[in-house]
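Student: Let me begin by handing over the structure; questions about it come next.
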Amino acid sequence: MSFDLKGKVALVTGGNGGIGLGMAEGLAAAGADLVIWGSNPDKNATAEAKLRASGRRVLVQRCNVADEAQVDACFADALAKMGRVDACFANAGVSQARTAFHELETQEWRRVLSVNLDGAFFTLRAAARHMVARAKNGDPGGRLIGMASTAAVHGAARAQGYAASKGGLIAVIRALAVELARYGVTANSILPGWIETEMTAAGVADAKFSAAVLPRIPLRRWGRKEDFAGIAVYLASDASRYHTGDSFVIDGAYTIF
């Protein structure tokens with residue numbers, strides 16, 4: 001029963017597609033009600049229809065996580081409509097234009113960090129405020145999860161901005177694990193490897209790229225969004241209540257091979 005999420009509400013940013021939707025589907029199957037943030041109206045509508053089929057309560061909000069005011073407004077609206085947020089998955093992110101470092105434009109650097117790091121900060125801060133206030137009123141507990149990347153821990157050539165944003169997120173999560181433990185709030189990060197999503201579609205479809213990367217993945221396949229359902233359920237559940245400050249690498253053993 002420790003994996004039963006009935007009565008819990010999970011917020012997944014970027015939950016309208018890719019890894020985010022895979023996690024949301026797993027959370028719904030385990031009984032969680034959902035708040036989904038996405039900036040694409042069409043993807044939001046498709047995800048909402050798919051998730052509502054689970055029979056869970058689902059609130060889908062259009063939110064640009066790089067906009068501090070939008071994040072705070074959407075979180076407040078989510079609390080008003082759903083009552084609480086028990087688990088917050090800061091998953092929304094963008095990729096970086098693959099440019100040689102000495103040619104990387106400042107604007108591109110800041111665009112990537114504004115979503116991947118600033119956006120995660122705004123989201124996690126809103127959730128932490130809620131969870132700390134709840135704990136002070138006698139209802140401790142909560143889960144904060146940051147979606148990082150294996151790019152944070154291996155040399156990601158031509159992607160220094162992306163790598164910096166994900167490395168920074170891991171550092172934030174580790175600090176939150178220590179600071180918020182007194183409130184019963186845990187904080188962990190997830191580091192995906194090569195996963196087949198819209199963000200990686202061009203690379204996956206490229207025969208030369210696939211020939212270079214797939215042999216380096218011991219499981220010999222790209223990751224899929226459903227590969228993240230289990231870890232999402234574990235981290236949102238009571239089963240992980242003593243597991244905090246960790247970084248979960250989900251990459252088919254790519255990083256260690």
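Chain labels run A, B, ... following the order of the structure tokens; each chain numbers its residues from 1, and ligands are numbered from 1 in the order shown.
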I want to know what sits within 12 Å of A:Asn40, based on only C-alpha atoms, with residues of the same chain fewer than 5 positions away left out; could you give that as number ranges by chain?
Tutor: A: 13-17, 45-47, 60-64, 92
Student: What's the 9 Å shell around stretch 244-247 of chain A, counting only C-alpha atoms, without same-chain residues fewer than 6 positions away, as a list in words?
Tutor: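 The contact residues come out as Ala148, Ile170, Ile173, Arg174, Ala175, Leu176, Ala177, Val178, Ala181, Val185, Thr186, Ala187, Asn188, Ser189, Ile190 and Leu191 of chain A.
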Student: Could you check which of A:Arg134, A:Gly38, A:Ala66, A:Gly55 is closest to A:Leu79, using only C-alpha atoms?
Tutor: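 Nearest to A:Leu79: A:Arg134.
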Student: If I take atom CA of A:Ile195 and atom CA of A:Phe228, how far is one from the other in Å, to one decimal?
Tutor: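 A separation of 10.2 Å between them.
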Student: Between A:Arg143, A:Arg224, A:Arg216, A:Arg110, which one has atoms that come closest to A:Ala201, using only C-alpha atoms?
Tutor: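 That would be A:Arg224, the residue with the smallest distance to A:Ala201.
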Student: At a cut-off of 12 Å, using only C-alpha atoms, what residues contact A:Asp118? Leave out same-chain residues fewer than 6 positions from it and give the result as a list in words.
Tutor: Asn64, Val65, Ala66, Asp67, Glu68, Val71, Ala90, Ala92, Gly93, Arg110, Arg111, Val112, Leu124, Arg125, Ala164, Ser165, Lys166, Gly168, Leu169 and Val172 of chain A
Student: I'd like to know which residues of stretch 166-196 of chain A are strand (DSSP E) (by DSSP, run on the backbone); could you write them as a list in words?
Tutor: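 Answer for stretch 166-196 of chain A, restricted to strand (DSSP E): Val185, Thr186, Ala187, Asn188, Ser189, Ile190, Leu191 and Pro192 of chain A.
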Student: Could you turn the residues from that selection into a file that holds all heavy atoms, as a JSON list (two decimals), in the first residue's frame?
Tutor:
[["chain", "number", "residue", "atom", "x", "y", "z"],
["A", 185, "VAL", "N", 9.97, 16.98, 4.06],
["A", 185, "VAL", "CA", 9.97, 17.13, 2.60],
["A", 185, "VAL", "C", 11.25, 16.51, 2.04],
["A", 185, "VAL", "O", 12.35, 16.83, 2.51],
["A", 185, "VAL", "CB", 9.88, 18.61, 2.19],
["A", 185, "VAL", "CG1", 10.00, 18.76, 0.67],
["A", 185, "VAL", "CG2", 8.57, 19.23, 2.69],
["A", 186, "THR", "N", 11.11, 15.64, 1.07],
["A", 186, "THR", "CA", 12.27, 15.06, 0.41],
["A", 186, "THR", "C", 12.51, 15.74, -0.93],
["A", 186, "THR", "O", 11.60, 16.32, -1.53],
["A", 186, "THR", "CB", 12.11, 13.55, 0.18],
["A", 186, "THR", "OG1", 11.04, 13.34, -0.75],
["A", 186, "THR", "CG2", 11.81, 12.83, 1.48],
["A", 187, "ALA", "N", 13.75, 15.67, -1.42],
["A", 187, "ALA", "CA", 14.11, 16.27, -2.71],
["A", 187, "ALA", "C", 15.09, 15.34, -3.42],
["A", 187, "ALA", "O", 16.10, 14.95, -2.85],
["A", 187, "ALA", "CB", 14.73, 17.64, -2.50],
["A", 188, "ASN", "N", 14.76, 15.01, -4.65],
["A", 188, "ASN", "CA", 15.61, 14.12, -5.45],
["A", 188, "ASN", "C", 15.60, 14.57, -6.91],
["A", 188, "ASN", "O", 14.67, 15.26, -7.35],
["A", 188, "ASN", "CB", 15.10, 12.67, -5.37],
["A", 188, "ASN", "CG", 15.25, 12.06, -4.00],
["A", 188, "ASN", "OD1", 16.33, 11.64, -3.61],
["A", 188, "ASN", "ND2", 14.15, 12.01, -3.24],
["A", 189, "SER", "N", 16.61, 14.17, -7.64],
["A", 189, "SER", "CA", 16.67, 14.50, -9.07],
["A", 189, "SER", "C", 16.69, 13.23, -9.90],
["A", 189, "SER", "O", 17.09, 12.16, -9.43],
["A", 189, "SER", "CB", 17.89, 15.36, -9.39],
["A", 189, "SER", "OG", 19.09, 14.73, -8.98],
["A", 190, "ILE", "N", 16.26, 13.36, -11.14],
["A", 190, "ILE", "CA", 16.27, 12.27, -12.11],
["A", 190, "ILE", "C", 17.15, 12.69, -13.28],
["A", 190, "ILE", "O", 17.01, 13.81, -13.79],
["A", 190, "ILE", "CB", 14.85, 11.95, -12.60],
["A", 190, "ILE", "CG1", 13.95, 11.53, -11.44],
["A", 190, "ILE", "CG2", 14.88, 10.85, -13.66],
["A", 190, "ILE", "CD1", 12.48, 11.38, -11.82],
["A", 191, "LEU", "N", 18.04, 11.80, -13.71],
["A", 191, "LEU", "CA", 18.95, 12.09, -14.81],
["A", 191, "LEU", "C", 18.68, 11.14, -15.97],
["A", 191, "LEU", "O", 19.19, 10.02, -15.99],
["A", 191, "LEU", "CB", 20.41, 11.94, -14.37],
["A", 191, "LEU", "CG", 21.03, 13.05, -13.52],
["A", 191, "LEU", "CD1", 20.35, 13.17, -12.16],
["A", 191, "LEU", "CD2", 22.52, 12.81, -13.34],
["A", 192, "PRO", "N", 17.87, 11.55, -16.94],
["A", 192, "PRO", "CA", 17.64, 10.69, -18.10],
["A", 192, "PRO", "C", 18.86, 10.66, -19.01],
["A", 192, "PRO", "O", 19.62, 11.64, -19.10],
["A", 192, "PRO", "CB", 16.46, 11.37, -18.82],
["A", 192, "PRO", "CG", 15.92, 12.37, -17.85],
["A", 192, "PRO", "CD", 17.06, 12.77, -16.99]]
Student: Out of A:Leu113, A:Ile19, A:Val132, A:Ile36, which residue has the shortest atom-to-atom distance to A:Thr197 when counting only C-alpha atoms?
Tutor: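 The closest residue to A:Thr197 is A:Ile19.
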Student: Considering only C-alpha atoms, state which residue in the set A:Gly7, A:Gly184, A:Gly138, A:Gly193 is at the smallest distance from A:Ala152.
Tutor: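 So, comparing all the options, the nearest one is A:Gly193.
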Student: A:Ala30: which residues within 9 Å, counting only C-alpha atoms, same-chain residues fewer than 5 positions away excluded, as a VMD selection string?
Tutor: chain A and resid 3 to 6 25 233
